[in-house]
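Coordinates as given in coords05.txt (compact mmCIF, C-alpha atoms):
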```
# COMPACT_ATOMS: atom_id res chain seq x y z
CA MET A 1334 -11.56 6.32 -20.55
CA THR A 1335 -9.34 6.29 -23.64
CA PRO A 1336 -9.43 3.36 -26.11
CA GLU A 1337 -6.02 2.26 -24.79
CA GLN A 1338 -7.27 2.28 -21.19
CA ALA A 1339 -10.40 0.36 -22.19
CA SER A 1340 -8.21 -2.24 -23.89
CA TRP A 1341 -6.00 -2.57 -20.82
CA GLU A 1342 -9.01 -2.89 -18.55
CA GLN A 1343 -10.35 -5.75 -20.64
CA ALA A 1344 -6.92 -7.43 -20.69
CA SER A 1345 -6.51 -7.01 -16.94
CA TRP A 1346 -9.17 -9.62 -16.14
CA ASP A 1347 -6.45 -12.22 -16.76
CA CYS A 1348 -3.94 -10.30 -14.60
CA PRO A 1349 -4.86 -10.65 -10.92
CA VAL A 1350 -1.31 -10.04 -9.62
CA LEU A 1351 -0.39 -6.41 -9.01
CA HIS A 1352 3.05 -5.08 -8.16
CA VAL A 1353 2.63 -1.61 -6.69
CA ASP A 1354 5.78 0.48 -6.38
CA MET A 1355 5.91 4.01 -5.00
CA ASP A 1356 7.61 6.49 -7.33
CA ALA A 1357 10.89 7.77 -5.82
CA PHE A 1358 9.27 7.09 -2.45
CA TYR A 1359 11.73 8.70 -0.03
CA ALA A 1360 12.26 11.75 -2.19
CA SER A 1361 8.54 12.14 -2.88
CA VAL A 1362 7.65 12.01 0.82
CA ALA A 1363 10.51 14.32 1.77
CA ILE A 1364 9.43 17.10 -0.62
CA ARG A 1365 5.64 16.61 -0.88
CA ASP A 1366 5.00 19.65 1.34
CA ARG A 1367 7.64 21.74 -0.41
CA PRO A 1368 6.21 22.59 -3.85
CA GLU A 1369 9.22 24.76 -4.67
CA LEU A 1370 11.31 21.56 -4.88
CA HIS A 1371 9.02 19.46 -7.08
CA ASP A 1372 10.71 20.39 -10.37
CA VAL A 1373 14.33 20.71 -9.24
CA PRO A 1374 16.87 17.92 -8.60
CA VAL A 1375 16.50 16.63 -5.03
CA VAL A 1376 18.63 14.02 -3.30
CA VAL A 1377 17.67 12.41 0.00
CA GLY A 1378 20.72 11.39 1.98
CA GLY A 1379 22.80 12.08 5.01
CA GLY A 1380 26.17 13.77 5.34
CA TYR A 1381 28.77 14.74 2.81
CA ARG A 1382 30.33 11.26 2.87
CA GLY A 1383 27.08 9.34 3.10
CA VAL A 1384 25.13 7.63 0.35
CA VAL A 1385 22.03 8.55 -1.63
CA LEU A 1386 18.88 7.08 -0.12
CA SER A 1387 16.69 8.32 -2.94
CA ALA A 1388 16.57 10.87 -5.74
CA ASN A 1389 13.60 12.42 -7.47
CA TYR A 1390 13.20 12.11 -11.23
CA PRO A 1391 14.86 15.44 -12.14
CA ALA A 1392 17.93 14.27 -10.17
CA ARG A 1393 17.84 10.86 -11.83
CA GLY A 1394 18.11 12.66 -15.14
CA TYR A 1395 21.67 13.54 -14.11
CA GLY A 1396 22.46 9.87 -13.47
CA ILE A 1397 22.01 9.96 -9.69
CA ARG A 1398 20.83 6.65 -8.25
CA SER A 1399 20.10 5.10 -4.86
CA ALA A 1400 23.15 3.82 -2.92
CA MET A 1401 25.48 6.15 -4.87
CA PRO A 1402 28.08 7.98 -2.73
CA MET A 1403 26.96 11.52 -1.98
CA THR A 1404 30.29 12.86 -3.22
CA ARG A 1405 29.64 11.40 -6.67
CA ALA A 1406 26.03 12.65 -6.66
CA ARG A 1407 27.27 16.17 -5.94
CA ARG A 1408 29.74 15.95 -8.82
CA LEU A 1409 27.00 14.81 -11.20
CA CYS A 1410 24.63 17.59 -10.14
CA PRO A 1411 26.25 20.36 -8.05
CA ASP A 1412 22.93 22.25 -7.88
CA ALA A 1413 20.96 19.36 -6.41
CA VAL A 1414 19.10 20.12 -3.18
CA VAL A 1415 20.05 17.65 -0.44
CA VAL A 1416 17.28 16.77 2.04
CA SER A 1417 17.85 14.84 5.25
CA PRO A 1418 15.75 11.67 5.57
CA GLY A 1419 12.90 11.55 8.08
CA PHE A 1420 12.57 7.84 8.73
CA GLU A 1421 9.67 8.18 11.14
CA THR A 1422 7.64 9.97 8.48
CA PHE A 1423 8.58 7.36 5.87
CA GLU A 1424 7.32 4.58 8.13
CA VAL A 1425 4.06 6.36 8.91
CA VAL A 1426 3.34 6.92 5.21
CA SER A 1427 4.31 3.34 4.35
CA LYS A 1428 2.01 1.87 6.99
CA SER A 1429 -0.88 3.92 5.68
CA VAL A 1430 -0.20 2.81 2.10
CA MET A 1431 0.04 -0.86 3.09
CA GLU A 1432 -3.21 -0.59 5.03
CA ASN A 1433 -4.87 0.73 1.88
CA PHE A 1434 -3.67 -2.39 0.11
CA ARG A 1435 -5.13 -4.63 2.82
CA GLN A 1436 -8.49 -2.92 2.48
CA ILE A 1437 -8.52 -4.26 -1.10
CA THR A 1438 -7.29 -7.80 -0.42
CA PRO A 1439 -5.80 -9.80 2.46
CA LEU A 1440 -3.21 -11.21 0.05
CA VAL A 1441 -0.61 -8.46 0.36
CA GLU A 1442 3.06 -9.45 0.27
CA VAL A 1443 5.15 -6.53 1.49
CA LEU A 1444 8.63 -6.40 -0.05
CA SER A 1445 9.83 -3.11 1.47
CA LEU A 1446 8.56 0.22 2.73
CA ASP A 1447 7.60 1.26 -0.79
CA GLU A 1448 6.49 -1.83 -2.71
CA ALA A 1449 4.24 -4.86 -2.40
CA PHE A 1450 2.53 -7.59 -4.40
CA LEU A 1451 -1.25 -7.88 -4.27
CA ASP A 1452 -3.39 -10.79 -5.44
CA VAL A 1453 -6.80 -9.24 -6.22
CA SER A 1454 -8.45 -12.33 -7.70
CA GLY A 1455 -10.81 -12.47 -4.73
CA SER A 1456 -11.73 -8.77 -4.96
CA VAL A 1457 -12.90 -8.38 -8.55
CA ARG A 1458 -16.55 -9.27 -7.91
CA ARG A 1459 -16.72 -6.54 -5.30
CA LEU A 1460 -14.50 -3.85 -6.83
CA GLY A 1461 -14.39 -4.47 -10.56
CA SER A 1462 -11.53 -5.34 -12.89
CA PRO A 1463 -7.92 -5.48 -11.67
CA TYR A 1464 -7.28 -2.38 -13.77
CA ALA A 1465 -10.11 -0.54 -12.00
CA ILE A 1466 -8.70 -1.66 -8.65
CA ALA A 1467 -5.24 -0.38 -9.60
CA GLU A 1468 -6.63 3.01 -10.61
CA ARG A 1469 -8.63 3.17 -7.38
CA LEU A 1470 -5.50 2.49 -5.32
CA ARG A 1471 -3.38 5.02 -7.22
CA ALA A 1472 -6.00 7.75 -6.81
CA ARG A 1473 -6.45 7.05 -3.11
CA ILE A 1474 -2.72 6.99 -2.34
CA TYR A 1475 -2.21 10.27 -4.17
CA ASP A 1476 -5.19 11.87 -2.48
CA GLU A 1477 -4.23 10.73 1.01
CA GLN A 1478 -0.44 10.89 0.89
CA GLY A 1479 0.33 13.30 -1.94
CA ILE A 1480 2.65 10.81 -3.68
CA THR A 1481 2.33 8.72 -6.82
CA CYS A 1482 2.83 5.04 -7.51
CA SER A 1483 3.21 2.78 -10.53
CA VAL A 1484 1.47 -0.55 -11.00
CA GLY A 1485 2.47 -3.58 -13.04
CA MET A 1486 -0.24 -6.16 -13.71
CA ALA A 1487 0.22 -9.73 -14.91
CA ALA A 1488 -0.70 -13.33 -14.20
CA THR A 1489 2.61 -13.97 -12.38
CA VAL A 1490 4.63 -12.09 -9.80
CA ALA A 1491 7.84 -11.95 -11.86
CA VAL A 1492 6.15 -10.39 -14.89
CA ALA A 1493 4.13 -8.00 -12.72
CA LYS A 1494 7.34 -6.68 -11.15
CA LEU A 1495 8.91 -6.08 -14.55
CA ALA A 1496 5.72 -4.39 -15.74
CA SER A 1497 5.79 -1.90 -12.86
CA ARG A 1498 9.25 -0.76 -13.95
CA ARG A 1499 7.88 0.00 -17.40
CA ALA A 1500 4.97 1.89 -15.81
CA LYS A 1501 7.21 4.42 -14.05
CA PRO A 1502 6.60 7.10 -13.20
CA ASP A 1503 2.93 7.33 -12.24
CA GLY A 1504 1.48 4.80 -14.65
CA ILE A 1505 0.03 1.33 -15.21
CA VAL A 1506 1.28 -1.41 -17.51
CA VAL A 1507 -0.82 -4.53 -18.11
CA VAL A 1508 0.85 -7.67 -19.51
CA PRO A 1509 -1.80 -10.32 -20.22
CA PRO A 1510 -0.69 -13.96 -20.74
CA SER A 1511 -1.06 -13.61 -24.51
CA ALA A 1512 1.49 -10.77 -24.59
CA VAL A 1513 4.08 -12.11 -22.14
CA THR A 1514 6.71 -13.20 -24.66
CA THR A 1515 6.24 -10.04 -26.74
CA PHE A 1516 6.86 -8.01 -23.59
CA LEU A 1517 9.73 -10.06 -22.15
CA HIS A 1518 11.92 -11.14 -25.05
CA PRO A 1519 13.23 -7.71 -26.14
CA LEU A 1520 14.37 -6.88 -22.58
CA ASP A 1521 17.98 -7.09 -21.46
CA VAL A 1522 18.53 -10.35 -19.63
CA GLY A 1523 19.68 -8.40 -16.58
CA GLU A 1524 16.12 -7.13 -16.07
CA LEU A 1525 14.80 -10.55 -15.10
CA TRP A 1526 13.88 -10.60 -11.43
CA GLY A 1527 16.62 -12.31 -9.42
CA VAL A 1528 19.34 -12.01 -12.08
CA GLY A 1529 22.24 -10.10 -10.53
CA GLU A 1530 25.21 -8.29 -12.02
CA LYS A 1531 27.51 -11.34 -12.07
CA THR A 1532 24.98 -13.57 -13.79
CA THR A 1533 24.18 -10.79 -16.26
CA ALA A 1534 27.87 -10.33 -17.10
CA LEU A 1535 28.29 -14.11 -17.59
CA LEU A 1536 25.30 -14.34 -19.90
CA HIS A 1537 26.48 -11.33 -21.88
CA ARG A 1538 29.90 -12.96 -22.34
CA LEU A 1539 28.09 -15.99 -23.76
CA GLY A 1540 26.32 -13.73 -26.25
CA LEU A 1541 22.97 -13.96 -24.48
CA MET A 1542 22.01 -10.31 -24.40
CA THR A 1543 18.23 -10.36 -24.28
CA VAL A 1544 15.57 -12.41 -22.51
CA GLY A 1545 14.63 -13.78 -25.92
CA ASP A 1546 18.20 -15.06 -26.40
CA VAL A 1547 17.92 -17.00 -23.15
CA ALA A 1548 14.45 -18.30 -24.02
CA HIS A 1549 15.65 -19.79 -27.30
CA THR A 1550 18.86 -21.30 -25.93
CA PRO A 1551 18.60 -25.08 -25.38
CA LEU A 1552 18.19 -25.90 -21.71
CA ALA A 1553 21.18 -28.28 -21.77
CA THR A 1554 23.40 -25.45 -23.05
CA LEU A 1555 22.21 -23.14 -20.30
CA GLN A 1556 22.84 -25.84 -17.69
CA ARG A 1557 26.46 -26.23 -18.78
CA ALA A 1558 26.93 -22.45 -18.57
CA VAL A 1559 25.24 -21.53 -15.30
CA GLY A 1560 24.33 -24.78 -13.56
CA VAL A 1561 21.21 -26.91 -13.47
CA HIS A 1562 19.20 -24.89 -10.93
CA MET A 1563 19.95 -21.44 -12.36
CA ALA A 1564 19.36 -22.64 -15.91
CA GLN A 1565 15.95 -24.01 -15.02
CA GLN A 1566 15.01 -20.78 -13.29
CA LEU A 1567 16.21 -18.60 -16.17
CA HIS A 1568 14.38 -20.71 -18.72
CA GLN A 1569 11.09 -20.45 -16.84
CA LEU A 1570 11.41 -16.70 -16.25
CA ALA A 1571 12.29 -16.10 -19.90
CA TRP A 1572 8.99 -17.70 -20.92
CA GLY A 1573 7.00 -15.87 -18.25
CA GLN A 1574 6.54 -18.94 -16.07
CA ASP A 1575 6.66 -18.48 -12.31
CA ARG A 1576 5.41 -20.89 -9.66
CA ARG A 1577 5.58 -18.29 -6.92
CA VAL A 1578 2.29 -16.97 -5.58
CA VAL A 1579 1.46 -13.89 -3.52
CA THR A 1580 1.68 -14.81 0.15
CA ALA A 1581 0.31 -12.49 2.82
CA ARG A 1582 3.32 -11.09 4.65
CA ARG A 1583 3.84 -7.96 6.67
CA GLY A 1584 6.96 -5.89 6.23
CA SER A 1585 9.79 -5.86 8.73
CA ASP A 1586 9.04 -2.15 9.12
CA GLU A 1587 5.55 -2.89 10.47
CA PRO A 1588 6.41 -4.20 13.94
CA ASP A 1589 3.24 -3.00 15.66
CA LYS A 1590 0.26 -5.01 14.55
CA SER A 1591 -2.69 -2.77 13.92
CA MET A 1592 -5.86 -2.46 11.90
CA GLY A 1593 -7.30 0.75 10.61
CA ALA A 1594 -9.38 2.46 7.98
CA ASP A 1595 -9.68 5.99 6.73
CA GLU A 1596 -11.83 7.88 4.28
CA THR A 1597 -11.45 11.02 2.23
CA PHE A 1598 -14.56 13.17 2.14
CA GLY A 1599 -16.05 14.00 -1.25
CA ARG A 1600 -15.78 17.65 -0.20
CA ASP A 1601 -13.81 19.18 2.63
CA THR A 1602 -16.14 19.59 5.58
CA ASP A 1603 -16.27 21.52 8.83
CA ASP A 1604 -19.51 19.84 9.98
CA ARG A 1605 -18.82 18.07 13.28
CA ALA A 1606 -21.84 15.76 12.86
CA VAL A 1607 -20.63 14.61 9.42
CA VAL A 1608 -17.15 13.88 10.78
CA LEU A 1609 -18.46 11.95 13.78
CA ARG A 1610 -20.75 9.86 11.57
CA GLU A 1611 -17.72 8.91 9.51
CA VAL A 1612 -15.74 8.12 12.67
CA LEU A 1613 -18.57 5.79 13.69
CA ARG A 1614 -18.62 4.08 10.30
CA LEU A 1615 -14.87 3.60 10.33
CA SER A 1616 -14.94 2.32 13.93
CA ALA A 1617 -17.54 -0.27 12.93
CA LYS A 1618 -15.47 -1.28 9.92
CA VAL A 1619 -12.27 -1.70 11.93
CA ALA A 1620 -14.00 -3.51 14.79
CA GLY A 1621 -15.64 -5.92 12.34
CA ARG A 1622 -12.29 -6.77 10.79
CA MET A 1623 -10.80 -7.29 14.23
CA ARG A 1624 -13.55 -9.68 15.23
CA THR A 1625 -13.10 -11.60 12.01
CA ALA A 1626 -9.37 -11.89 12.78
CA ARG A 1627 -10.17 -12.68 16.45
CA VAL A 1628 -7.95 -9.95 17.82
CA ALA A 1629 -8.44 -7.02 20.18
CA GLY A 1630 -6.43 -3.89 20.93
CA ARG A 1631 -6.00 -1.25 23.60
CA THR A 1632 -4.71 1.80 21.73
CA VAL A 1633 -7.14 3.76 19.55
CA THR A 1634 -5.67 6.33 17.16
CA LEU A 1635 -7.57 9.05 15.34
CA LYS A 1636 -6.13 10.61 12.18
CA VAL A 1637 -7.36 13.94 10.82
CA ARG A 1638 -6.15 15.54 7.60
CA PHE A 1639 -7.12 19.15 6.95
CA ALA A 1640 -7.82 20.88 3.65
CA ASP A 1641 -4.21 22.09 3.40
CA PHE A 1642 -3.00 18.44 3.79
CA THR A 1643 -1.72 19.07 7.32
CA THR A 1644 -2.23 15.80 9.18
CA ILE A 1645 -2.46 15.18 12.90
CA THR A 1646 -2.94 11.99 14.93
CA ARG A 1647 -4.13 11.53 18.49
CA SER A 1648 -4.04 8.29 20.46
CA ARG A 1649 -5.49 7.00 23.71
CA THR A 1650 -4.78 3.67 25.39
CA ARG A 1651 -7.76 2.06 27.07
CA GLY A 1652 -7.61 0.10 30.31
CA GLU A 1653 -8.23 -3.17 28.51
CA ALA A 1654 -8.15 -4.47 24.96
CA THR A 1655 -11.41 -4.36 23.03
CA ASP A 1656 -13.01 -5.34 19.73
CA VAL A 1657 -16.34 -3.66 20.52
CA THR A 1658 -17.51 -1.11 17.96
CA GLN A 1659 -19.09 1.25 20.47
CA GLU A 1660 -16.03 1.30 22.72
CA ILE A 1661 -13.68 2.03 19.83
CA TYR A 1662 -16.02 4.74 18.55
CA GLN A 1663 -16.38 6.33 21.98
CA THR A 1664 -12.60 6.61 22.34
CA ALA A 1665 -12.12 7.92 18.80
CA SER A 1666 -14.95 10.46 19.11
CA ASP A 1667 -13.57 11.68 22.45
CA LEU A 1668 -10.21 12.22 20.75
CA PHE A 1669 -11.87 14.23 18.00
CA LEU A 1670 -13.91 16.39 20.36
CA ALA A 1671 -10.82 17.03 22.49
CA LEU A 1672 -9.20 18.74 19.48
CA GLY A 1673 -11.62 21.62 19.96
CA LEU A 1674 -11.67 22.46 16.27
CA GLN A 1675 -13.42 25.68 15.31
CA ARG A 1676 -14.80 25.31 11.78
CA ALA A 1677 -11.57 23.80 10.49
CA ARG A 1678 -12.17 22.19 7.12
CA ILE A 1679 -11.34 18.49 7.16
CA ARG A 1680 -10.30 16.43 4.16
CA LEU A 1681 -9.83 12.96 5.66
CA VAL A 1682 -10.48 11.12 8.90
CA GLY A 1683 -9.17 7.74 10.01
CA VAL A 1684 -9.48 5.30 12.91
CA ARG A 1685 -6.86 2.72 13.88
CA VAL A 1686 -6.55 0.21 16.71
CA GLU A 1687 -3.00 -0.77 17.64
CA GLY A 1688 -1.23 -3.27 19.86
CA LEU A 1689 -3.41 -6.15 18.73
CA VAL A 1690 -3.44 -9.39 20.72
CA PRO A 1691 -5.42 -12.63 20.28
CA ARG A 1692 -8.99 -12.08 21.49
CA ALA A 1693 -8.87 -15.32 23.47
CA THR A 1694 -6.18 -13.87 25.74
CA VAL A 1695 -8.30 -10.88 26.79
CA GLN A 1696 -10.24 -11.12 30.03
CA ARG A 1697 -12.83 -8.35 30.29
CA GLN A 1698 -13.16 -6.65 33.66
CA LEU A 1699 -16.56 -7.25 35.27
CA VAL A 1700 -18.49 -4.08 36.10
CA LEU A 1701 -20.95 -3.98 38.98
CA GLY A 1702 -24.48 -3.46 37.69
CA GLU A 1703 -23.53 -4.02 34.03
CA ARG A 1704 -26.22 -5.49 31.78
CA GLU A 1705 -26.03 -9.22 31.17
CA ARG A 1706 -26.01 -8.55 27.45
CA GLY A 1707 -24.53 -5.41 25.95
CA TRP A 1708 -22.61 -3.96 23.01
CA SER A 1709 -20.36 -6.99 22.60
CA GLU A 1710 -23.33 -9.29 22.08
CA ALA A 1711 -24.90 -6.74 19.74
CA ASP A 1712 -21.73 -6.80 17.62
CA VAL A 1713 -21.87 -10.60 17.40
CA ALA A 1714 -25.47 -10.40 16.18
CA VAL A 1715 -24.52 -7.74 13.61
CA ASP A 1716 -21.63 -9.89 12.36
CA ARG A 1717 -23.95 -12.85 11.84
CA ALA A 1718 -26.43 -10.72 9.94
CA THR A 1719 -23.85 -9.12 7.68
CA GLN A 1720 -22.21 -12.45 6.91
CA ARG A 1721 -25.56 -13.74 5.69
CA PHE A 1722 -27.16 -10.68 4.11
CA GLY A 1723 -24.26 -8.34 3.27
CA ALA A 1724 -22.46 -5.42 4.85
CA ALA A 1725 -25.42 -3.02 4.58
CA ALA A 1726 -27.91 -5.37 6.28
CA VAL A 1727 -27.40 -3.92 9.76
CA ARG A 1728 -25.75 -0.67 10.75
CA PRO A 1729 -26.05 2.02 13.42
CA ALA A 1730 -29.16 4.18 13.11
CA THR A 1731 -26.93 7.27 12.90
CA LEU A 1732 -25.62 6.02 9.55
CA LEU A 1733 -29.00 5.31 7.98
CA GLY A 1734 -29.62 7.68 5.12
CA SER A 1735 -26.30 9.49 5.58
CA ASP A 1736 -24.15 10.20 2.58
CA ARG A 1737 -20.95 8.26 2.25
CA ALA A 1738 -17.72 10.22 2.55
```
In structure tokens, write the structure found in this file.
Amino acid sequence: MTPEQASWEQASWDCPVLHVDMDAFYASVAIRDRPELHDVPVVVGGGYRGVVLSANYPARGYGIRSAMPMTRARRLCPDAVVVSPGFETFEVVSKSVMENFRQITPLVEVLSLDEAFLDVSGSVRRLGSPYAIAERLRARIYDEQGITCSVGMAATVAVAKLASRRAKPDGIVVVPPSAVTTFLHPLDVGELWGVGEKTTALLHRLGLMTVGDVAHTPLATLQRAVGVHMAQQLHQLAWGQDRRVVTARRGSDEPDKSMGADETFGRDTDDRAVVLREVLRLSAKVAGRMRTARVAGRTVTLKVRFADFTTITRSRTRGEATDVTQEIYQTASDLFLALGLQRARIRLVGVRVEGLVPRATVQRQLVLGERERGWSEADVAVDRATQRFGAAAVRPATLLGSDRA
């Protein structure tokens, strides 16, 4: 760790709010498996008369921006490669990224497919400083999805969002409370979150060019110029004050409720036993989270990523919803064995349960001759033990002594 990184890590303890923003998300996903396009201008959009959905950073160097007409983008950079958007792929990648966030903290406020706020104040005892958490997330997203993200860290959501802009591309910027005014006041007033083009133009006409200009303008003067409510909001933002907090909220692009977990192996493996042990561990992890949330699901999905980053998923819908570890594992392991892989080297494996419903609404089918107490009761006993003694207190015998992925 460099001296600068060490300084940021120390400062991050006062910055529990993270704004994570994928770098040129649509373009990055569209070309991640096409290395020949990584260093050339690429525009994601549809049709000659359509608009730009996204542009990678080489294309942005020509002035191409999102929502720009494709005709203008072509004039700015005639040699740009135009790629059609694959919305289904974008949604799959986004869901995986957001699930990574939720494995860090339940306080994830999704803003769009490619950005979210996280409040990690409840995760630092388990995972280390907010800076360490941010680096962990960035490394995992890159390893699993092959794309980069930038993270802004602060004590408030508004400052964290501004910090993530300064972190782009592929970086981290930490703005501790002691440095808020130093960071904010040189910025153009139009950079404040929530200040649109019309308000920016009005403030510029009044001679208020920077955030510092607004901060040092008497509140009464601001009120006469932009109104009482807007003036109060501008004044607070200019001094880094923000009463908003991170509120857990799923994105509109996540209509199917699901819970999942995945893990990247330390080394690519073709050992079936190693993979199945990890599938069991992930099944237990997902089932435990489901029981905590008091939900159950019918559809079990297995994800496998190979050494060349090719990723496949297989799903199976059970006859009834479940939150039982052994039942989820049995379905996931059957899916893996059905692939019939012959020494294929595997990079990552994941387990997800979809179509979640409240556990109280599930009526389990009675089975003739079934034991009075079975796996469901065993899970309840495990949950009680882990709540009292920690996650490693009780686990399947298969996982004892096994190396983590």
- prompt: So what do you get for atom CA of Thr1644 of chain A versus atom CA of Ala1629 of chain A, distance-wise?
  reply: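 Interatomic distance here is 26.1 Å.
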List the residues sitting within 8 Å of (2.7, -3.4, -11.9) in the file's frame, using only C-alpha atoms, as a PDB file with C-alpha atoms, in the frame of the given file.
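For reference, point13.pdb as written:
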```
ATOM      1  CA  LEU A1351      -0.390  -6.410  -9.010  1.00  0.00           C
ATOM      2  CA  HIS A1352       3.050  -5.080  -8.160  1.00  0.00           C
ATOM      3  CA  VAL A1353       2.630  -1.610  -6.690  1.00  0.00           C
ATOM      4  CA  ASP A1354       5.780   0.480  -6.380  1.00  0.00           C
ATOM      5  CA  SER A1483       3.210   2.780 -10.530  1.00  0.00           C
ATOM      6  CA  VAL A1484       1.470  -0.550 -11.000  1.00  0.00           C
ATOM      7  CA  GLY A1485       2.470  -3.580 -13.040  1.00  0.00           C
ATOM      8  CA  MET A1486      -0.240  -6.160 -13.710  1.00  0.00           C
ATOM      9  CA  ALA A1487       0.220  -9.730 -14.910  1.00  0.00           C
ATOM     10  CA  ALA A1493       4.130  -8.000 -12.720  1.00  0.00           C
ATOM     11  CA  LYS A1494       7.340  -6.680 -11.150  1.00  0.00           C
ATOM     12  CA  LEU A1495       8.910  -6.080 -14.550  1.00  0.00           C
ATOM     13  CA  ALA A1496       5.720  -4.390 -15.740  1.00  0.00           C
ATOM     14  CA  SER A1497       5.790  -1.900 -12.860  1.00  0.00           C
ATOM     15  CA  ARG A1498       9.250  -0.760 -13.950  1.00  0.00           C
ATOM     16  CA  ALA A1500       4.970   1.890 -15.810  1.00  0.00           C
ATOM     17  CA  ILE A1505       0.030   1.330 -15.210  1.00  0.00           C
ATOM     18  CA  VAL A1506       1.280  -1.410 -17.510  1.00  0.00           C
ATOM     19  CA  VAL A1507      -0.820  -4.530 -18.110  1.00  0.00           C
TER      20      VAL A1507
END
```
As lines of an AutoDock Vina configuration file: centre and edge lengths in Å, one decimal, of the axis-aligned box holding segment 1558-1561 of chain A with 3 Å per side:
```
center_x = 24.1
center_y = -24.2
center_z = -16.0
size_x = 11.7
size_y = 11.4
size_z = 11.1
```
- prompt: Which residue, A:Val1637, A:Met1401, A:Met1592, A:Ala1626, has the smallest gap to Met1431 of chain A when you use only C-alpha atoms?
  reply: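 Once distances to Met1431 of chain A are computed over only C-alpha atoms, the minimum belongs to A:Met1592.
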query: How many Å lie between atom CA of Glu1596 of chain A and atom CA of Asp1347 of chain A, rounded to one decimal?
result: 29.6 Å
Give me, as CSV, the closest atom pair and its distance (Å, one decimal) for every residue of segment 1415-1455 of chain A within a cut-off of 7 Å of segment 1573-1582 of chain A, counting only C-alpha atoms, rows sorted by chain and rising number.
```
residue,atom,partner,partner_atom,distance
A:Pro1439,CA,A:Ala1581,CA,6.7
A:Leu1440,CA,A:Ala1581,CA,4.7
A:Val1441,CA,A:Ala1581,CA,4.8
A:Glu1442,CA,A:Arg1582,CA,4.7
A:Val1443,CA,A:Arg1582,CA,5.8
A:Phe1450,CA,A:Val1579,CA,6.5
A:Leu1451,CA,A:Val1579,CA,6.6
A:Asp1452,CA,A:Val1579,CA,6.1
```
- request: Just the residues within 9 Å of segment 1370-1379 of chain A, please, counting all atoms listed in the file, with nothing from its chain fewer than 6 positions along; format it as an NGL selection string.
  value: :A and (1359-1361 or 1363-1364 or 1385-1395 or 1397 or 1403 or 1406 or 1410 or 1412-1418)
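Counting only C-alpha atoms, Thr1438 of chain A has the following residues at most 10 Å away, ignoring those fewer than 5 positions along the same chain: Glu1432, Asn1433, Leu1451, Asp1452, Val1453, Ser1454, Gly1455, Ser1456, Val1457 and Ala1581 of chain A.
Comparing A:Thr1625, A:Arg1538, A:Val1561, A:Val1430 by their smallest distance to Gly1479 of chain A, the closest is A:Val1430 (using all atoms listed in the file).
Using all atoms listed in the file, the set of residues no farther than 8 Å from the position (-9.3, 4.3, 13.7) comprises Met1592, Gly1593, Ala1594, Asp1595, Val1612, Leu1615, Ser1616, Val1619, Val1633, Thr1634, Leu1635, Lys1636, Ile1661, Ala1665, Gly1683, Val1684, Arg1685 and Val1686 of chain A.
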statement: Pairwise distance, atom CA of Ala1465 of chain A with atom CA of Met1334 of chain A, equals 11.1 Å
- prompt: Of the candidates A:Gly1673, A:Gly1652, A:Gly1560, A:Gly1630, which one gets nearest to Pro1691 of chain A if we count all atoms listed in the file?
  reply: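 With all atoms listed in the file as the atom set, the closest residue is A:Gly1630.
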Using only C-alpha atoms: which of A:Thr1632, A:Gln1478, A:Gln1675, A:Thr1694 has the shortest distance to Thr1597 of chain A: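 Of A:Thr1632, A:Gln1478, A:Gln1675, A:Thr1694, the one nearest Thr1597 of chain A, counting only C-alpha atoms, is A:Gln1478.
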message: Residues near Ile1480 of chain A, anyone? I mean within 7 Å using all atoms listed in the file, not counting same-chain ones fewer than 5 positions away, as a ChimeraX atom specification.
response: /A:1361-1362,1474-1475
- prompt: Which residues, written as number ranges by chain, have at least one atom at most 10 Å from Trp1526 of chain A, with all atoms listed in the file counted and residues fewer than 5 positions away on the same chain left out?
  reply: A: 1490-1492, 1494-1495, 1567, 1570
message: List as a ChimeraX atom specification the protein and nucleic acid residues near Ser1340 of chain A, meaning an atom at most 12 Å away when all atoms listed in the file are counted, but skip any in the same chain fewer than 3 places from it.
response: /A:1334-1337,1343-1346,1462,1464,1506-1509
